[in-house]
Amino acid sequence: MKEKITVSLIKADVGGFIGHGRGSEEILNVAREELEKAKNENLLIDYFTCYVGDDLQLLMTHRKFIDNPEIHKLAFNIFMKCIQKAKELKLYGAGQDILSTAFSGNLKGLGPGIAEFAFVERESEPLVVFMADKTEPGAWNLILYKIFADPFNTPGLIIDPKLNPGFTFEIHDMKEHKKIKLKAPEESYHILLYIGAPGRYAVKSVTRNLDDEIAAVTSTERLNLMAGRYVGKDDPVMMVRAQSGFPAVGEILEPFATPWLVAGGMRGSHWVPLMPVSLKDAHPTRFDAPPRVVALGFQLKNGELGKPADLFDDPAFDRARAYCNEIMDFIRKHGPFEPHRLPLEEMEYTTMPEVEKKLKDRWERLE
Ligand code: F6R
Ligand code: MG
Ligand code: MG
């Protein structure tokens, strides 16, 4: 059997340039240098690095499979080096995503977002890599449902014999640390029962029912839930395999034509519309929002990534962006009121409880 190629996308906020809006070229150079070294030492086949908002993204291909200590250690060391540089540059919130500097073989639980999958590269292997800033892992739920379970989005579910048996969703309960696998189309109502609550449940991966081939994977780390306090939002990533028995690139991008409301934006505490943008526009500004999502297309070649295509750099998404701005205008008018602000249960993981503490003794029992 042919050897599997692993694609690992590991990201962290190592320090922001002018608040939480963007990163710095100097940091990117540190990351590039380290990744190049790892490539020369044959640990990596290839790599790509960029910033989306204030998040440094390390996309790596290798032959070490997922959860590999050497790969996780490489990412961890790069983040630590970048944080050191960010501190020198006095960038904002340097190291905010690293909960612990004690690395013991795996990055899970240490703060960075991780999405990895391994597969035998097909004759041609188109891959779409999504990276978002100022939102959370559950933001992918609705989008993944549309791509892999909604024939109104993906006609391939009806027309293509490989897609027709449907897909299985692995859903994580991020609060209770549990997982469940549910099959679409037969269990689609049950899938929706959970993933309709994106603050708690997130789709971790999607596999093809025909042959259990992995189709998509996301990062599901929720920093605040891990730390038990407000640390920041868990700007998520996702990778989806495309074409020849997987959804077409156009079916994968189609859900982003609507700027869905997702949790994030200012202080990670608001419902705000998700804006699909090109890399050059991936810098949240107004109200630390709208949250941005970038889609980079890679055509794998024996694990080599080559140059990406910036898929939302396309006038076909202009209307989604304009609509997104309209929704921002409207929802912002609610100011500090729900449903713009997240429900109280979610606000527990912000800095708001600290303010509430001050008022605790001012409350009096009703007669
Ligand atoms: C959201 C985010 C920002 C900050 C906000 C306040 O994920 O990172 O909206 O929450 O700018 O930041 P601090 O508390 O660092 O001043
Ligand atoms: Mg930040
Ligand atoms: Mg961020």
# chains A, B, ... in the order shown; residues from 1 in each chain; ligands from 1
>>> residues_around(residues="segment 277-289 of chain A", least_positions_apart="4", cutoff="7 Å", atoms="only C-alpha atoms", output="ChimeraX atom specification")
/A:21-22,52-53,134,265-266,293-294,310,312-313
>>> write_last_selection(atoms="C-alpha atoms", output="compact mmCIF listing (two decimals), in the first residue's frame")
# COMPACT_ATOMS: atom_id res chain seq x y z
CA GLY A 21 -5.79 42.73 14.36
CA ARG A 22 -2.78 41.34 12.55
CA VAL A 52 -4.80 35.38 9.42
CA GLY A 53 -5.65 38.22 11.78
CA LYS A 134 -12.09 36.28 15.83
CA GLY A 265 -15.73 39.71 17.42
CA MET A 266 -15.20 42.19 20.19
CA VAL A 293 -12.18 33.51 7.01
CA VAL A 294 -9.55 32.79 4.37
CA ASP A 310 -6.36 32.55 -2.58
CA PHE A 312 -11.96 34.15 -1.69
CA ASP A 313 -9.98 36.67 -3.76
>>> closest_atom_pairs(of="segment 322-346 of chain A", to="segment 235-258 of chain A", cutoff="12 Å", atoms="only C-alpha atoms", output="tab-separated table")
residue	atom	partner	partner_atom	distance
A:Ala322	CA	A:Thr258	CA	10.4
A:Tyr323	CA	A:Thr258	CA	8.0
A:Cys324	CA	A:Thr258	CA	8.0
A:Asn325	CA	A:Thr258	CA	11.8
A:Ile327	CA	A:Thr258	CA	10.8
>>> closest_residue(among="A:Cys82, A:Ala263, A:Leu163, A:Leu142", to="ligand 1", atoms="only C-alpha atoms and all ligand atoms")
A:Ala263
>>> residues_around(residues="Gly16 of chain A", least_positions_apart="3", cutoff="9 Å", atoms="only C-alpha atoms", output="PyMOL selection string")
chain A and resi 13+19-24+53-55+86+91-94
>>> residues_around(residues="Lys204 of chain A", least_positions_apart="6", cutoff="12 Å", atoms="only C-alpha atoms", output="ChimeraX atom specification")
/A:113-117,137-141,144,168-174,178-182,195,198,214-221,236-240
>>> select_by_dssp(residues="segment 92-204 of chain A", states="alpha helix (DSSP H)", output="number ranges by chain")
A: 140-149, 156-159, 188-195
>>> select_by_dssp(residues="segment 95-126 of chain A", states="strand (DSSP E or B)", output="PyMOL selection string")
chain A and resi 113-119+125-126
>>> atom_distance(atom1="atom CA of Pro185 of chain A", atom2="atom CA of Leu210 of chain A")
12.7 Å
>>> residues_around(residues="segment 335-337 of chain A", least_positions_apart="4", cutoff="10 Å", atoms="only C-alpha atoms", output="list of chain:residue names")
A:Ser269, A:His270, A:Ile331, A:Arg341, A:Leu342, A:Pro343
>>> write_last_selection(atoms="N, CA, C and O atoms", output="tab-separated table (two decimals), in the first residue's frame")
chain	number	residue	atom	x	y	z
A	269	SER	N	-17.22	38.06	22.51
A	269	SER	CA	-18.47	38.03	23.28
A	269	SER	C	-19.70	38.37	22.48
A	269	SER	O	-20.74	38.69	23.07
A	270	HIS	N	-19.62	38.32	21.16
A	270	HIS	CA	-20.76	38.78	20.36
A	270	HIS	C	-21.06	37.85	19.19
A	270	HIS	O	-20.17	37.16	18.69
A	331	ILE	N	-26.62	44.63	13.50
A	331	ILE	CA	-26.48	43.94	14.79
A	331	ILE	C	-25.75	44.81	15.81
A	331	ILE	O	-26.05	44.79	17.00
A	341	ARG	N	-24.86	40.52	22.07
A	341	ARG	CA	-23.96	39.94	23.06
A	341	ARG	C	-24.32	38.47	23.24
A	341	ARG	O	-25.50	38.10	23.15
A	342	LEU	N	-23.33	37.65	23.53
A	342	LEU	CA	-23.57	36.21	23.72
A	342	LEU	C	-24.42	35.99	24.97
A	342	LEU	O	-24.43	36.82	25.88
A	343	PRO	N	-25.13	34.84	25.05
A	343	PRO	CA	-25.92	34.57	26.25
A	343	PRO	C	-25.04	34.46	27.49
A	343	PRO	O	-23.84	34.20	27.40
>>> atom_distance(atom1="atom CA of Glu136 of chain A", atom2="atom CA of Lys85 of chain A")
26.5 Å
>>> closest_residue(among="A:Leu58, A:Leu74, A:Val14, A:Ala31", to="Asn106 of chain A", atoms="only C-alpha atoms")
A:Leu74
>>> decode(residues="segment 272-316 of chain A", atoms="N, CA and C atoms", output="PDB file, in the first residue's frame")
ATOM      1  N   VAL A 272     -21.546  37.841  15.468  1.00  0.00           N
ATOM      2  CA  VAL A 272     -21.111  38.719  14.381  1.00  0.00           C
ATOM      3  C   VAL A 272     -21.037  37.903  13.081  1.00  0.00           C
ATOM      4  N   PRO A 273     -21.224  38.557  11.938  1.00  0.00           N
ATOM      5  CA  PRO A 273     -21.222  37.799  10.671  1.00  0.00           C
ATOM      6  C   PRO A 273     -19.813  37.464  10.189  1.00  0.00           C
ATOM      7  N   LEU A 274     -19.678  36.259   9.657  1.00  0.00           N
ATOM      8  CA  LEU A 274     -18.377  35.750   9.192  1.00  0.00           C
ATOM      9  C   LEU A 274     -18.123  36.222   7.755  1.00  0.00           C
ATOM     10  N   MET A 275     -16.984  36.912   7.564  1.00  0.00           N
ATOM     11  CA  MET A 275     -16.694  37.499   6.247  1.00  0.00           C
ATOM     12  C   MET A 275     -15.615  36.707   5.501  1.00  0.00           C
ATOM     13  N   PRO A 276     -15.941  36.166   4.316  1.00  0.00           N
ATOM     14  CA  PRO A 276     -14.918  35.478   3.517  1.00  0.00           C
ATOM     15  C   PRO A 276     -14.035  36.506   2.822  1.00  0.00           C
ATOM     16  N   VAL A 277     -12.725  36.426   3.023  1.00  0.00           N
ATOM     17  CA  VAL A 277     -11.817  37.425   2.453  1.00  0.00           C
ATOM     18  C   VAL A 277     -10.551  36.778   1.886  1.00  0.00           C
ATOM     19  N   SER A 278      -9.842  37.560   1.085  1.00  0.00           N
ATOM     20  CA  SER A 278      -8.532  37.126   0.619  1.00  0.00           C
ATOM     21  C   SER A 278      -7.531  37.387   1.738  1.00  0.00           C
ATOM     22  N   LEU A 279      -6.361  36.787   1.619  1.00  0.00           N
ATOM     23  CA  LEU A 279      -5.328  36.952   2.652  1.00  0.00           C
ATOM     24  C   LEU A 279      -5.024  38.419   2.935  1.00  0.00           C
ATOM     25  N   LYS A 280      -5.051  39.248   1.884  1.00  0.00           N
ATOM     26  CA  LYS A 280      -4.663  40.649   2.079  1.00  0.00           C
ATOM     27  C   LYS A 280      -5.708  41.406   2.935  1.00  0.00           C
ATOM     28  N   ASP A 281      -6.919  40.861   3.044  1.00  0.00           N
ATOM     29  CA  ASP A 281      -7.955  41.525   3.842  1.00  0.00           C
ATOM     30  C   ASP A 281      -8.240  40.794   5.157  1.00  0.00           C
ATOM     31  N   ALA A 282      -7.361  39.891   5.521  1.00  0.00           N
ATOM     32  CA  ALA A 282      -7.625  39.082   6.720  1.00  0.00           C
ATOM     33  C   ALA A 282      -7.148  39.794   7.993  1.00  0.00           C
ATOM     34  N   HIS A 283      -7.681  40.989   8.220  1.00  0.00           N
ATOM     35  CA  HIS A 283      -7.307  41.766   9.404  1.00  0.00           C
ATOM     36  C   HIS A 283      -8.555  42.380  10.015  1.00  0.00           C
ATOM     37  N   PRO A 284      -9.137  41.743  11.022  1.00  0.00           N
ATOM     38  CA  PRO A 284     -10.332  42.316  11.641  1.00  0.00           C
ATOM     39  C   PRO A 284     -10.052  43.715  12.197  1.00  0.00           C
ATOM     40  N   THR A 285     -10.923  44.649  11.914  1.00  0.00           N
ATOM     41  CA  THR A 285     -10.724  46.036  12.354  1.00  0.00           C
ATOM     42  C   THR A 285     -11.942  46.499  13.155  1.00  0.00           C
ATOM     43  N   ARG A 286     -13.013  46.889  12.442  1.00  0.00           N
ATOM     44  CA  ARG A 286     -14.206  47.422  13.081  1.00  0.00           C
ATOM     45  C   ARG A 286     -14.729  46.457  14.155  1.00  0.00           C
ATOM     46  N   PHE A 287     -14.826  46.932  15.410  1.00  0.00           N
ATOM     47  CA  PHE A 287     -15.366  46.123  16.510  1.00  0.00           C
ATOM     48  C   PHE A 287     -14.614  44.785  16.626  1.00  0.00           C
ATOM     49  N   ASP A 288     -13.305  44.830  16.368  1.00  0.00           N
ATOM     50  CA  ASP A 288     -12.479  43.608  16.332  1.00  0.00           C
ATOM     51  C   ASP A 288     -13.189  42.531  15.493  1.00  0.00           C
ATOM     52  N   ALA A 289     -13.756  42.938  14.419  1.00  0.00           N
ATOM     53  CA  ALA A 289     -14.608  42.086  13.591  1.00  0.00           C
ATOM     54  C   ALA A 289     -14.629  42.695  12.177  1.00  0.00           C
ATOM     55  N   PRO A 290     -15.501  42.338  11.263  1.00  0.00           N
ATOM     56  CA  PRO A 290     -16.164  41.051  11.295  1.00  0.00           C
ATOM     57  C   PRO A 290     -15.102  39.950  11.301  1.00  0.00           C
ATOM     58  N   PRO A 291     -15.406  38.823  11.941  1.00  0.00           N
ATOM     59  CA  PRO A 291     -14.448  37.711  11.900  1.00  0.00           C
ATOM     60  C   PRO A 291     -14.143  37.379  10.443  1.00  0.00           C
ATOM     61  N   ARG A 292     -12.895  37.082  10.170  1.00  0.00           N
ATOM     62  CA  ARG A 292     -12.498  36.809   8.780  1.00  0.00           C
ATOM     63  C   ARG A 292     -12.239  35.329   8.579  1.00  0.00           C
ATOM     64  N   VAL A 293     -12.565  34.864   7.387  1.00  0.00           N
ATOM     65  CA  VAL A 293     -12.180  33.506   7.015  1.00  0.00           C
ATOM     66  C   VAL A 293     -11.492  33.557   5.661  1.00  0.00           C
ATOM     67  N   VAL A 294     -10.345  32.880   5.593  1.00  0.00           N
ATOM     68  CA  VAL A 294      -9.550  32.792   4.367  1.00  0.00           C
ATOM     69  C   VAL A 294      -9.616  31.339   3.887  1.00  0.00           C
ATOM     70  N   ALA A 295      -9.670  31.146   2.580  1.00  0.00           N
ATOM     71  CA  ALA A 295      -9.631  29.786   2.012  1.00  0.00           C
ATOM     72  C   ALA A 295      -8.459  29.696   1.053  1.00  0.00           C
ATOM     73  N   LEU A 296      -7.489  28.870   1.387  1.00  0.00           N
ATOM     74  CA  LEU A 296      -6.349  28.688   0.483  1.00  0.00           C
ATOM     75  C   LEU A 296      -6.437  27.303  -0.152  1.00  0.00           C
ATOM     76  N   GLY A 297      -6.324  27.278  -1.466  1.00  0.00           N
ATOM     77  CA  GLY A 297      -6.384  26.001  -2.176  1.00  0.00           C
ATOM     78  C   GLY A 297      -4.976  25.512  -2.490  1.00  0.00           C
ATOM     79  N   PHE A 298      -4.710  24.256  -2.163  1.00  0.00           N
ATOM     80  CA  PHE A 298      -3.402  23.656  -2.471  1.00  0.00           C
ATOM     81  C   PHE A 298      -3.618  22.429  -3.353  1.00  0.00           C
ATOM     82  N   GLN A 299      -2.699  22.233  -4.256  1.00  0.00           N
ATOM     83  CA  GLN A 299      -2.746  21.050  -5.111  1.00  0.00           C
ATOM     84  C   GLN A 299      -1.553  20.197  -4.707  1.00  0.00           C
ATOM     85  N   LEU A 300      -1.792  19.230  -3.832  1.00  0.00           N
ATOM     86  CA  LEU A 300      -0.665  18.448  -3.297  1.00  0.00           C
ATOM     87  C   LEU A 300       0.068  17.686  -4.409  1.00  0.00           C
ATOM     88  N   LYS A 301       1.395  17.648  -4.269  1.00  0.00           N
ATOM     89  CA  LYS A 301       2.186  16.887  -5.253  1.00  0.00           C
ATOM     90  C   LYS A 301       3.218  16.081  -4.476  1.00  0.00           C
ATOM     91  N   ASN A 302       2.894  14.822  -4.168  1.00  0.00           N
ATOM     92  CA  ASN A 302       3.741  13.983  -3.306  1.00  0.00           C
ATOM     93  C   ASN A 302       4.058  14.698  -1.996  1.00  0.00           C
ATOM     94  N   GLY A 303       3.063  15.350  -1.455  1.00  0.00           N
ATOM     95  CA  GLY A 303       3.223  16.053  -0.177  1.00  0.00           C
ATOM     96  C   GLY A 303       3.701  17.483  -0.312  1.00  0.00           C
ATOM     97  N   GLU A 304       4.165  17.843  -1.501  1.00  0.00           N
ATOM     98  CA  GLU A 304       4.586  19.251  -1.689  1.00  0.00           C
ATOM     99  C   GLU A 304       3.352  20.120  -1.842  1.00  0.00           C
ATOM    100  N   LEU A 305       3.414  21.296  -1.201  1.00  0.00           N
ATOM    101  CA  LEU A 305       2.227  22.156  -1.187  1.00  0.00           C
ATOM    102  C   LEU A 305       2.165  23.088  -2.395  1.00  0.00           C
ATOM    103  N   GLY A 306       3.310  23.516  -2.856  1.00  0.00           N
ATOM    104  CA  GLY A 306       3.336  24.481  -3.955  1.00  0.00           C
ATOM    105  C   GLY A 306       2.740  25.805  -3.522  1.00  0.00           C
ATOM    106  N   LYS A 307       2.401  26.632  -4.479  1.00  0.00           N
ATOM    107  CA  LYS A 307       1.853  27.961  -4.179  1.00  0.00           C
ATOM    108  C   LYS A 307       0.335  27.866  -4.026  1.00  0.00           C
ATOM    109  N   PRO A 308      -0.231  28.483  -2.964  1.00  0.00           N
ATOM    110  CA  PRO A 308      -1.681  28.365  -2.800  1.00  0.00           C
ATOM    111  C   PRO A 308      -2.471  29.305  -3.714  1.00  0.00           C
ATOM    112  N   ALA A 309      -3.716  28.924  -3.966  1.00  0.00           N
ATOM    113  CA  ALA A 309      -4.660  29.829  -4.632  1.00  0.00           C
ATOM    114  C   ALA A 309      -5.501  30.473  -3.537  1.00  0.00           C
ATOM    115  N   ASP A 310      -5.611  31.801  -3.594  1.00  0.00           N
ATOM    116  CA  ASP A 310      -6.361  32.553  -2.577  1.00  0.00           C
ATOM    117  C   ASP A 310      -7.826  32.587  -3.020  1.00  0.00           C
ATOM    118  N   LEU A 311      -8.610  31.602  -2.556  1.00  0.00           N
ATOM    119  CA  LEU A 311      -9.898  31.311  -3.205  1.00  0.00           C
ATOM    120  C   LEU A 311     -10.992  32.358  -2.986  1.00  0.00           C
ATOM    121  N   PHE A 312     -10.932  33.111  -1.887  1.00  0.00           N
ATOM    122  CA  PHE A 312     -11.958  34.149  -1.693  1.00  0.00           C
ATOM    123  C   PHE A 312     -11.551  35.475  -2.334  1.00  0.00           C
ATOM    124  N   ASP A 313     -10.403  35.481  -3.007  1.00  0.00           N
ATOM    125  CA  ASP A 313      -9.979  36.665  -3.757  1.00  0.00           C
ATOM    126  C   ASP A 313     -10.735  36.635  -5.085  1.00  0.00           C
ATOM    127  N   ASP A 314     -12.036  36.897  -4.993  1.00  0.00           N
ATOM    128  CA  ASP A 314     -12.921  36.618  -6.114  1.00  0.00           C
ATOM    129  C   ASP A 314     -14.163  37.505  -5.994  1.00  0.00           C
ATOM    130  N   PRO A 315     -14.516  38.232  -7.050  1.00  0.00           N
ATOM    131  CA  PRO A 315     -15.718  39.087  -6.979  1.00  0.00           C
ATOM    132  C   PRO A 315     -16.992  38.298  -6.702  1.00  0.00           C
ATOM    133  N   ALA A 316     -16.968  36.977  -6.916  1.00  0.00           N
ATOM    134  CA  ALA A 316     -18.156  36.175  -6.619  1.00  0.00           C
ATOM    135  C   ALA A 316     -18.519  36.251  -5.136  1.00  0.00           C
TER     136      ALA A 316
END
